[in-house]
Amino acid sequence: MTSIPDLIKKKRDGGKLSDEEIKTFIQAVTTKNIQECQTGAMLMSIWQKGMVNSEIETLTREMMSSGEVMSWPKEWAGHVVDKHSTGGVGDKVSLVLAPALAACGCKVPMISGRGLAHTGGTLDKLESIPGFNIHQSAGQVQKILTSVGCCIVGQTETLVPADRVLYALRDATSTVDSLPLITGSIISKKGAESLSALVLDVKFGRAALYKDLDSAKELAQLLVNVGNGLGMRTGAVLSSMDTTIGRCVGNSLEVIESLETLKGKGPEDLMELVTTLGGVLLMMTGLVPGLSEGSRRISEAVIGGAALSKFQAMMEAQGVANETARSLCCSAHTDYFRILRKSEHQTELKTPEEGVVLDVDGLTLAEVLHKLGAGRSQVGQPVNHSVGAELLVSLGQKVTKGVSWLRLHYEDPAPTSEQMNRLQKVLVLGSNQNTQTHQKHSLVKDLLLPH
């Protein structure tokens, strides 16, 4: 059998690893029969020399098989689906999409992550709801899917253990941005869910990992190829991530905006992502003949209230008290802050002059909120669910001088003058003459669908 140093040397020198060699490496990582420095050296070798598609597919398959692979009842065949987003600002899509898909007849075992750096995490958002338990065993997940149709949970100890080791070391060795390693990490976890179909929301732009459409498309194509290679029907939506998704950023505030969306009062950009991603999944499962019909079905589930009922049932199934879930989902005016934590302080920022809203810098907004406690810099750090911001204007809107454009929710210590200056620069105003932003602002720029 080839030794670990030999495998590292082969990849370091640009060689192609065989299926057996990749299996040896992943098994050593999983069983801890490898020194951490050797794993780090292999990750750096992969980062520098890359991998061909067959290597990436084998790496992903071996990572997927390193732990428990979920199995579902035969009658669910073809209907078990999920989505993955590469992360954004105000990205609350999962909270609306999972129950909408369940209302359309899918089973959605959504295994989500926590936020890191400026990107918010779905689990942190849900944990701002008192009682919501993201820790569920495989048996509990199946039970919730049987009764509700969707659940949103954290990664269990037994699912893809190899990824947990590699993920932590990628951060420590500056190999986070390696395409083969990103693909292996994302697709192995989804493969272990035994999905029939997977849709990827690959974001590009100022507030995304990839700044331009071409580099995001390269990742999207690789994810789609490897996902389909593992037997999951996999498609991708390429969406722009420059401003914010919706008007709220921050954990509790995003739950409120998600609930408002599930009550049929959601912002257009969020609904566009939900209906497009959901439409692609319904089409890939064969529940609808085409994308437009799929999008229409998802839209109906949200606007008609069926998705809201599923969200209420999911909350109750995951530990939220019935009375709490009922109050949050009540269609009459809801006092959300009677249940969700409200920050101790709120302040509003005013427009410095009149003009048209040309841009809102989502990355800077997210970075300041992160520093104020809405996010974490290291895995395991707590977040403050109440910290966040509400955007009070929209792109293309005409504003006069001195009107409120942002409501900041914060706790002690108060934001510094430097942070307030940064926030004020988030808003870009211009004159009417040089703007085309009155046109509908569409986030979806391209689709990659399986053949």
# chains A, B, ... in the order shown; residues from 1 in each chain; ligands from 1
$ residues_around --residues "range 194-200 of chain A" --least-positions-apart "2" --cutoff "8 Å" --atoms "only C-alpha atoms" --output "MDAnalysis selection string"
chainID A and resid 69:72 77:86 190:192 202 220 227 231:237 277 280:281 284:285
$ residues_around --residues "Leu43 in chain A" --least-positions-apart "6" --cutoff "8 Å" --atoms "only C-alpha atoms" --output "list in words"
Arg170, Thr173 and Thr175 of chain A
$ select_by_dssp --residues "range 169-403 of chain A" --states "alpha helix (DSSP H)" --output "number ranges by chain"
A: 169-172, 179-191, 213-229, 251-260, 268-285, 291-303, 306-317, 322-329, 362-369
$ write_last_selection --atoms "C-alpha atoms" --output "tab-separated table (two decimals), in the first residue's frame"
chain	number	residue	atom	x	y	z
A	169	LEU	CA	-7.73	22.44	8.44
A	170	ARG	CA	-8.61	24.26	5.20
A	171	ASP	CA	-9.17	27.37	7.29
A	172	ALA	CA	-5.86	26.89	9.14
A	179	LEU	CA	-12.29	24.41	-6.20
A	180	PRO	CA	-11.79	20.63	-5.67
A	181	LEU	CA	-11.96	21.06	-1.88
A	182	ILE	CA	-15.02	23.35	-2.01
A	183	THR	CA	-16.78	20.87	-4.30
A	184	GLY	CA	-15.87	17.87	-2.12
A	185	SER	CA	-17.13	19.61	1.02
A	186	ILE	CA	-20.47	20.80	-0.42
A	187	ILE	CA	-21.44	17.79	-2.52
A	188	SER	CA	-20.30	15.10	-0.03
A	189	LYS	CA	-22.67	16.49	2.64
A	190	LYS	CA	-25.58	16.67	0.18
A	191	GLY	CA	-24.75	13.19	-1.17
A	213	LEU	CA	-19.94	35.71	-13.00
A	214	ASP	CA	-17.26	33.72	-14.88
A	215	SER	CA	-15.43	32.44	-11.77
A	216	ALA	CA	-18.76	31.65	-10.03
A	217	LYS	CA	-19.86	29.78	-13.16
A	218	GLU	CA	-16.70	27.66	-13.08
A	219	LEU	CA	-17.52	26.55	-9.52
A	220	ALA	CA	-21.21	26.06	-10.39
A	221	GLN	CA	-20.38	23.85	-13.39
A	222	LEU	CA	-18.02	21.73	-11.30
A	223	LEU	CA	-20.63	21.31	-8.52
A	224	VAL	CA	-23.31	20.39	-11.09
A	225	ASN	CA	-21.03	17.85	-12.83
A	226	VAL	CA	-19.92	16.15	-9.60
A	227	GLY	CA	-23.45	16.14	-8.12
A	228	ASN	CA	-24.87	14.51	-11.24
A	229	GLY	CA	-21.89	12.10	-11.28
A	251	ASN	CA	-30.75	36.88	12.79
A	252	SER	CA	-34.04	37.89	14.50
A	253	LEU	CA	-34.82	40.52	11.85
A	254	GLU	CA	-34.37	37.97	9.06
A	255	VAL	CA	-36.77	35.55	10.79
A	256	ILE	CA	-39.34	38.37	10.90
A	257	GLU	CA	-38.84	39.12	7.19
A	258	SER	CA	-39.14	35.40	6.36
A	259	LEU	CA	-42.41	35.16	8.29
A	260	GLU	CA	-43.75	38.26	6.52
A	268	GLU	CA	-39.55	40.90	-4.78
A	269	ASP	CA	-35.86	39.91	-4.83
A	270	LEU	CA	-36.32	37.29	-2.09
A	271	MET	CA	-39.40	35.88	-3.84
A	272	GLU	CA	-37.49	35.73	-7.14
A	273	LEU	CA	-34.81	33.53	-5.56
A	274	VAL	CA	-37.33	31.33	-3.72
A	275	THR	CA	-39.51	30.74	-6.80
A	276	THR	CA	-36.55	30.18	-9.16
A	277	LEU	CA	-34.68	27.75	-6.87
A	278	GLY	CA	-37.91	25.96	-5.94
A	279	GLY	CA	-39.08	25.87	-9.56
A	280	VAL	CA	-35.80	24.24	-10.65
A	281	LEU	CA	-36.17	21.56	-7.94
A	282	LEU	CA	-39.82	20.78	-8.82
A	283	MET	CA	-38.79	20.49	-12.48
A	284	MET	CA	-35.83	18.18	-11.69
A	285	THR	CA	-38.04	15.88	-9.60
A	291	LEU	CA	-39.47	25.83	-14.81
A	292	SER	CA	-42.25	28.41	-15.20
A	293	GLU	CA	-44.87	25.96	-13.86
A	294	GLY	CA	-42.52	25.03	-10.99
A	295	SER	CA	-41.99	28.69	-10.07
A	296	ARG	CA	-45.75	29.31	-10.22
A	297	ARG	CA	-46.44	26.36	-7.87
A	298	ILE	CA	-43.87	27.62	-5.33
A	299	SER	CA	-45.28	31.15	-5.54
A	300	GLU	CA	-48.81	29.83	-4.91
A	301	ALA	CA	-47.61	27.80	-1.90
A	302	VAL	CA	-46.11	30.96	-0.37
A	303	ILE	CA	-48.85	33.47	-1.25
A	306	ALA	CA	-49.64	26.53	2.60
A	307	ALA	CA	-45.91	27.19	3.14
A	308	LEU	CA	-46.64	29.18	6.33
A	309	SER	CA	-48.60	26.20	7.76
A	310	LYS	CA	-45.59	23.95	7.01
A	311	PHE	CA	-43.21	26.40	8.70
A	312	GLN	CA	-45.43	26.46	11.81
A	313	ALA	CA	-45.56	22.64	11.87
A	314	MET	CA	-41.76	22.46	11.41
A	315	MET	CA	-41.18	24.85	14.33
A	316	GLU	CA	-43.45	22.76	16.57
A	317	ALA	CA	-41.76	19.51	15.46
A	322	ASN	CA	-47.24	25.47	20.06
A	323	GLU	CA	-48.43	28.83	21.38
A	324	THR	CA	-45.17	30.53	20.27
A	325	ALA	CA	-45.31	28.98	16.78
A	326	ARG	CA	-48.99	29.93	16.45
A	327	SER	CA	-48.34	33.54	17.50
A	328	LEU	CA	-45.45	33.95	15.04
A	329	CYS	CA	-47.52	32.53	12.18
A	362	GLY	CA	-24.12	44.82	1.25
A	363	LEU	CA	-20.58	43.73	2.15
A	364	THR	CA	-19.75	46.82	4.20
A	365	LEU	CA	-23.12	46.66	5.96
A	366	ALA	CA	-22.56	42.99	6.84
A	367	GLU	CA	-18.99	43.64	8.03
A	368	VAL	CA	-20.09	46.40	10.44
A	369	LEU	CA	-23.01	44.28	11.77
$ residues_around --residues "Thr158 in chain A" --least-positions-apart "6" --cutoff "12 Å" --atoms "only C-alpha atoms" --output "MDAnalysis selection string"
chainID A and resid 30 64:70 136:138 164 189 192:193
$ write_last_selection --atoms "all heavy atoms" --output "compact mmCIF listing (two decimals), in the first residue's frame"
# COMPACT_ATOMS: atom_id res chain seq x y z
N THR A 30 -10.26 10.08 8.29
CA THR A 30 -11.44 9.72 9.09
C THR A 30 -11.05 8.96 10.34
O THR A 30 -11.59 9.19 11.43
CB THR A 30 -12.41 8.87 8.24
OG1 THR A 30 -12.67 9.56 7.01
CG2 THR A 30 -13.73 8.64 8.96
N MET A 64 -18.13 11.44 1.25
CA MET A 64 -19.55 11.12 1.51
C MET A 64 -19.68 9.79 2.25
O MET A 64 -20.49 9.66 3.18
CB MET A 64 -20.28 11.05 0.17
CG MET A 64 -21.73 10.67 0.25
SD MET A 64 -22.43 10.49 -1.40
CE MET A 64 -22.41 8.72 -1.57
N SER A 65 -18.86 8.82 1.86
CA SER A 65 -18.96 7.47 2.45
C SER A 65 -18.17 7.34 3.75
O SER A 65 -18.10 6.25 4.33
CB SER A 65 -18.43 6.43 1.45
OG SER A 65 -19.07 6.61 0.21
N SER A 66 -17.57 8.44 4.23
CA SER A 66 -16.74 8.35 5.44
C SER A 66 -17.59 8.20 6.70
O SER A 66 -17.07 7.93 7.78
CB SER A 66 -15.83 9.57 5.56
OG SER A 66 -16.58 10.75 5.80
N GLY A 67 -18.89 8.41 6.58
CA GLY A 67 -19.78 8.27 7.74
C GLY A 67 -21.12 7.71 7.31
O GLY A 67 -21.23 7.03 6.29
N GLU A 68 -22.13 8.03 8.09
CA GLU A 68 -23.48 7.53 7.83
C GLU A 68 -24.05 8.17 6.55
O GLU A 68 -23.88 9.36 6.30
CB GLU A 68 -24.37 7.92 9.03
CG GLU A 68 -25.81 7.54 8.89
CD GLU A 68 -26.68 8.10 10.03
OE1 GLU A 68 -26.23 9.01 10.75
OE2 GLU A 68 -27.80 7.61 10.17
N VAL A 69 -24.68 7.35 5.72
CA VAL A 69 -25.42 7.87 4.56
C VAL A 69 -26.90 7.62 4.83
O VAL A 69 -27.30 6.50 5.14
CB VAL A 69 -24.96 7.18 3.25
CG1 VAL A 69 -25.81 7.63 2.07
CG2 VAL A 69 -23.48 7.49 2.98
N MET A 70 -27.70 8.66 4.77
CA MET A 70 -29.11 8.54 5.15
C MET A 70 -29.88 7.66 4.16
O MET A 70 -29.52 7.61 2.98
CB MET A 70 -29.76 9.92 5.21
CG MET A 70 -29.22 10.75 6.37
SD MET A 70 -29.90 12.41 6.37
CE MET A 70 -29.78 12.81 8.10
N GLN A 136 -31.03 17.24 15.69
CA GLN A 136 -31.99 16.14 15.55
C GLN A 136 -31.24 14.91 15.02
O GLN A 136 -30.41 15.03 14.12
CB GLN A 136 -33.11 16.52 14.56
CG GLN A 136 -33.85 17.81 14.87
CD GLN A 136 -34.78 17.71 16.07
OE1 GLN A 136 -35.20 16.62 16.45
NE2 GLN A 136 -35.11 18.84 16.68
N SER A 137 -31.56 13.74 15.56
CA SER A 137 -30.92 12.50 15.09
C SER A 137 -31.52 12.13 13.73
O SER A 137 -32.56 12.66 13.32
CB SER A 137 -31.18 11.37 16.08
OG SER A 137 -32.57 11.05 16.06
N ALA A 138 -30.88 11.17 13.04
CA ALA A 138 -31.38 10.72 11.74
C ALA A 138 -32.81 10.19 11.87
O ALA A 138 -33.66 10.44 11.01
CB ALA A 138 -30.45 9.65 11.17
N ARG A 164 -15.52 17.33 8.37
CA ARG A 164 -15.30 18.17 9.56
C ARG A 164 -13.82 18.39 9.80
O ARG A 164 -13.38 19.48 10.13
CB ARG A 164 -15.99 17.55 10.77
CG ARG A 164 -17.33 18.19 11.05
CD ARG A 164 -17.78 17.98 12.48
NE ARG A 164 -17.71 16.58 12.84
CZ ARG A 164 -18.60 15.67 12.44
NH1 ARG A 164 -19.60 16.03 11.68
NH2 ARG A 164 -18.49 14.42 12.79
N LYS A 189 -21.63 16.35 1.60
CA LYS A 189 -22.67 16.49 2.64
C LYS A 189 -24.07 16.29 2.03
O LYS A 189 -24.93 15.68 2.65
CB LYS A 189 -22.56 17.85 3.32
CG LYS A 189 -21.36 17.94 4.26
CD LYS A 189 -21.30 19.23 5.03
CE LYS A 189 -20.92 20.40 4.20
NZ LYS A 189 -19.93 21.30 4.79
N ALA A 192 -24.62 12.61 1.19
CA ALA A 192 -24.92 11.80 2.39
C ALA A 192 -26.38 11.93 2.81
O ALA A 192 -26.88 11.13 3.59
CB ALA A 192 -23.99 12.19 3.53
N GLU A 193 -27.07 12.95 2.27
CA GLU A 193 -28.52 13.10 2.53
C GLU A 193 -29.34 12.21 1.59
O GLU A 193 -30.57 12.18 1.70
CB GLU A 193 -28.96 14.56 2.31
CG GLU A 193 -28.45 15.55 3.33
CD GLU A 193 -28.88 16.97 3.00
OE1 GLU A 193 -29.99 17.16 2.47
OE2 GLU A 193 -28.11 17.91 3.25
$ closest_residue --among "A:Glu344, A:Asp19, A:Asp201, A:Asp412" --to "Ser94 in chain A" --atoms "only C-alpha atoms"
A:Asp201
$ closest_residue --among "A:Cys104, A:Leu392, A:Ala28, A:Ile4" --to "Val249 in chain A" --atoms "only C-alpha atoms"
A:Leu392
$ closest_residue --among "A:Gln378, A:Ser147, A:Ser178, A:Ser394" --to "Arg247 in chain A" --atoms "only C-alpha atoms"
A:Ser394
$ closest_residue --among "A:Leu349, A:Val357, A:Gly380, A:Ser404" --to "Leu423 in chain A" --atoms "only C-alpha atoms"
A:Leu349
$ closest_residue --among "A:Lys342, A:Thr261, A:Gly319, A:Val52" --to "Ile134 in chain A" --atoms "only C-alpha atoms"
A:Gly319
$ select_by_dssp --residues "range 120-234 of chain A" --states "strand (DSSP E or B)" --output "PyMOL selection string"
chain A and resi 150-153+197-204+210+233-234
$ write_last_selection --atoms "N, CA and C atoms" --output "CSV table (one decimal), in the first residue's frame"
chain,number,residue,atom,x,y,z
A,150,CYS,N,-40.6,18.8,5.9
A,150,CYS,CA,-39.3,19.6,5.9
A,150,CYS,C,-38.8,19.7,7.3
A,151,CYS,N,-37.4,19.8,7.4
A,151,CYS,CA,-36.8,20.2,8.6
A,151,CYS,C,-35.5,20.9,8.3
A,152,ILE,N,-35.0,21.7,9.2
A,152,ILE,CA,-33.8,22.4,9.0
A,152,ILE,C,-32.9,22.1,10.2
A,153,VAL,N,-31.8,21.4,10.0
A,153,VAL,CA,-31.0,20.9,11.1
A,153,VAL,C,-29.5,21.1,10.9
A,197,ALA,N,-32.7,15.3,-5.8
A,197,ALA,CA,-32.4,16.5,-6.6
A,197,ALA,C,-31.8,17.5,-5.7
A,198,LEU,N,-30.9,18.3,-6.2
A,198,LEU,CA,-30.2,19.3,-5.4
A,198,LEU,C,-30.1,20.6,-6.3
A,199,VAL,N,-30.4,21.7,-5.8
A,199,VAL,CA,-30.2,23.0,-6.5
A,199,VAL,C,-29.2,23.8,-5.7
A,200,LEU,N,-28.2,24.4,-6.4
A,200,LEU,CA,-27.2,25.2,-5.8
A,200,LEU,C,-27.4,26.7,-6.2
A,201,ASP,N,-27.4,27.5,-5.2
A,201,ASP,CA,-27.5,29.0,-5.4
A,201,ASP,C,-26.0,29.5,-5.3
A,202,VAL,N,-25.4,29.7,-6.5
A,202,VAL,CA,-24.0,30.1,-6.5
A,202,VAL,C,-24.0,31.6,-6.7
A,203,LYS,N,-23.5,32.3,-5.7
A,203,LYS,CA,-23.6,33.8,-5.7
A,203,LYS,C,-22.2,34.4,-6.2
A,204,PHE,N,-22.4,35.5,-6.9
A,204,PHE,CA,-21.2,36.3,-7.3
A,204,PHE,C,-21.4,37.8,-7.1
A,210,TYR,N,-17.1,34.7,-4.8
A,210,TYR,CA,-16.6,35.0,-6.2
A,210,TYR,C,-17.1,36.3,-6.6
A,233,ARG,N,-29.8,14.5,-9.3
A,233,ARG,CA,-30.0,15.5,-10.3
A,233,ARG,C,-29.7,16.8,-9.7
A,234,THR,N,-28.7,17.5,-10.3
A,234,THR,CA,-28.1,18.7,-9.7
A,234,THR,C,-28.2,19.8,-10.7
$ closest_residue --among "A:Val165, A:Ala208, A:Val160, A:Gly105" --to "Thr146 in chain A" --atoms "only C-alpha atoms"
A:Gly105
$ residues_around --residues "Gln27 in chain A" --least-positions-apart "5" --cutoff "9 Å" --atoms "only C-alpha atoms" --output "ChimeraX atom specification"
/A:22,32-33,62-63,66,162
$ atom_distance --atom1 "CA of Val428 in chain A" --atom2 "CA of Gly355 in chain A"
9.2 Å
$ decode --residues "range 80-93 of chain A" --atoms "all heavy atoms" --output "mmCIF file, in the first residue's frame"
data_model
loop_
_atom_site.group_PDB
_atom_site.id
_atom_site.type_symbol
_atom_site.label_atom_id
_atom_site.label_comp_id
_atom_site.auth_asym_id
_atom_site.auth_seq_id
_atom_site.Cartn_x
_atom_site.Cartn_y
_atom_site.Cartn_z
ATOM 1 N N VAL A 80 -36.996 13.562 -2.635
ATOM 2 C CA VAL A 80 -36.167 14.088 -1.541
ATOM 3 C C VAL A 80 -35.209 15.132 -2.131
ATOM 4 O O VAL A 80 -34.389 14.815 -2.987
ATOM 5 C CB VAL A 80 -35.374 12.965 -0.835
ATOM 6 C CG1 VAL A 80 -34.581 13.537 0.338
ATOM 7 C CG2 VAL A 80 -36.323 11.867 -0.344
ATOM 8 N N VAL A 81 -35.346 16.384 -1.684
ATOM 9 C CA VAL A 81 -34.598 17.486 -2.317
ATOM 10 C C VAL A 81 -33.961 18.404 -1.276
ATOM 11 O O VAL A 81 -34.351 18.404 -0.103
ATOM 12 C CB VAL A 81 -35.534 18.331 -3.230
ATOM 13 C CG1 VAL A 81 -36.217 17.461 -4.272
ATOM 14 C CG2 VAL A 81 -36.581 19.096 -2.417
ATOM 15 N N ASP A 82 -32.997 19.194 -1.725
ATOM 16 C CA ASP A 82 -32.373 20.197 -0.858
ATOM 17 C C ASP A 82 -31.753 21.279 -1.729
ATOM 18 O O ASP A 82 -31.637 21.118 -2.947
ATOM 19 C CB ASP A 82 -31.315 19.548 0.045
ATOM 20 C CG ASP A 82 -30.932 20.418 1.243
ATOM 21 O OD1 ASP A 82 -31.477 21.529 1.383
ATOM 22 O OD2 ASP A 82 -30.063 19.987 2.032
ATOM 23 N N LYS A 83 -31.350 22.367 -1.090
ATOM 24 C CA LYS A 83 -30.621 23.417 -1.794
ATOM 25 C C LYS A 83 -29.411 23.837 -0.967
ATOM 26 O O LYS A 83 -29.396 23.672 0.261
ATOM 27 C CB LYS A 83 -31.536 24.601 -2.105
ATOM 28 C CG LYS A 83 -31.689 25.635 -0.993
ATOM 29 C CD LYS A 83 -30.839 26.864 -1.298
ATOM 30 C CE LYS A 83 -31.213 28.063 -0.460
ATOM 31 N NZ LYS A 83 -30.405 28.372 0.661
ATOM 32 N N HIS A 84 -28.402 24.348 -1.644
ATOM 33 C CA HIS A 84 -27.226 24.873 -0.950
ATOM 34 C C HIS A 84 -26.916 26.247 -1.521
ATOM 35 O O HIS A 84 -26.942 26.438 -2.732
ATOM 36 C CB HIS A 84 -26.011 23.948 -1.154
ATOM 37 C CG HIS A 84 -24.750 24.524 -0.569
ATOM 38 N ND1 HIS A 84 -24.438 24.385 0.760
ATOM 39 C CD2 HIS A 84 -23.761 25.282 -1.120
ATOM 40 C CE1 HIS A 84 -23.298 25.034 0.997
ATOM 41 N NE2 HIS A 84 -22.873 25.578 -0.113
ATOM 42 N N SER A 85 -26.618 27.187 -0.636
ATOM 43 C CA SER A 85 -26.207 28.523 -1.078
ATOM 44 C C SER A 85 -24.760 28.751 -0.693
ATOM 45 O O SER A 85 -24.325 28.321 0.383
ATOM 46 C CB SER A 85 -27.084 29.581 -0.403
ATOM 47 O OG SER A 85 -26.505 30.858 -0.548
ATOM 48 N N THR A 86 -24.007 29.423 -1.575
ATOM 49 C CA THR A 86 -22.602 29.705 -1.251
ATOM 50 C C THR A 86 -22.469 30.896 -0.303
ATOM 51 O O THR A 86 -21.371 31.303 0.027
ATOM 52 C CB THR A 86 -21.777 29.952 -2.534
ATOM 53 O OG1 THR A 86 -22.392 31.002 -3.289
ATOM 54 C CG2 THR A 86 -21.677 28.699 -3.374
ATOM 55 N N GLY A 87 -23.594 31.455 0.153
ATOM 56 C CA GLY A 87 -23.562 32.438 1.238
ATOM 57 C C GLY A 87 -23.689 33.874 0.764
ATOM 58 O O GLY A 87 -23.101 34.258 -0.235
ATOM 59 N N GLY A 88 -24.494 34.637 1.497
ATOM 60 C CA GLY A 88 -24.692 36.023 1.117
ATOM 61 C C GLY A 88 -25.112 36.874 2.293
ATOM 62 O O GLY A 88 -25.026 36.450 3.442
ATOM 63 N N VAL A 89 -25.565 38.075 2.001
ATOM 64 C CA VAL A 89 -25.975 39.028 3.036
ATOM 65 C C VAL A 89 -27.501 39.100 3.040
ATOM 66 O O VAL A 89 -28.115 39.415 2.024
ATOM 67 C CB VAL A 89 -25.376 40.422 2.748
ATOM 68 C CG1 VAL A 89 -25.853 41.430 3.790
ATOM 69 C CG2 VAL A 89 -23.847 40.348 2.739
ATOM 70 N N GLY A 90 -28.092 38.755 4.185
ATOM 71 C CA GLY A 90 -29.559 38.733 4.272
ATOM 72 C C GLY A 90 -30.153 37.527 3.560
ATOM 73 O O GLY A 90 -31.310 37.545 3.153
ATOM 74 N N ASP A 91 -29.368 36.444 3.446
ATOM 75 C CA ASP A 91 -29.830 35.260 2.704
ATOM 76 C C ASP A 91 -30.693 34.373 3.601
ATOM 77 O O ASP A 91 -30.207 33.507 4.312
ATOM 78 C CB ASP A 91 -28.631 34.470 2.167
ATOM 79 C CG ASP A 91 -29.055 33.346 1.238
ATOM 80 O OD1 ASP A 91 -30.271 33.121 1.106
ATOM 81 O OD2 ASP A 91 -28.179 32.692 0.640
ATOM 82 N N LYS A 92 -32.005 34.650 3.530
ATOM 83 C CA LYS A 92 -32.983 33.918 4.347
ATOM 84 C C LYS A 92 -33.818 32.979 3.492
ATOM 85 O O LYS A 92 -34.889 32.535 3.889
ATOM 86 C CB LYS A 92 -33.874 34.939 5.075
ATOM 87 C CG LYS A 92 -34.533 35.904 4.087
ATOM 88 C CD LYS A 92 -35.017 37.184 4.719
ATOM 89 C CE LYS A 92 -33.983 38.166 5.141
ATOM 90 N NZ LYS A 92 -33.377 38.987 4.081
ATOM 91 N N VAL A 93 -33.319 32.662 2.277
ATOM 92 C CA VAL A 93 -34.083 31.881 1.292
ATOM 93 C C VAL A 93 -34.562 30.548 1.865
ATOM 94 O O VAL A 93 -35.710 30.153 1.673
ATOM 95 C CB VAL A 93 -33.237 31.663 0.012
ATOM 96 C CG1 VAL A 93 -33.880 30.626 -0.898
ATOM 97 C CG2 VAL A 93 -33.058 32.986 -0.729
#
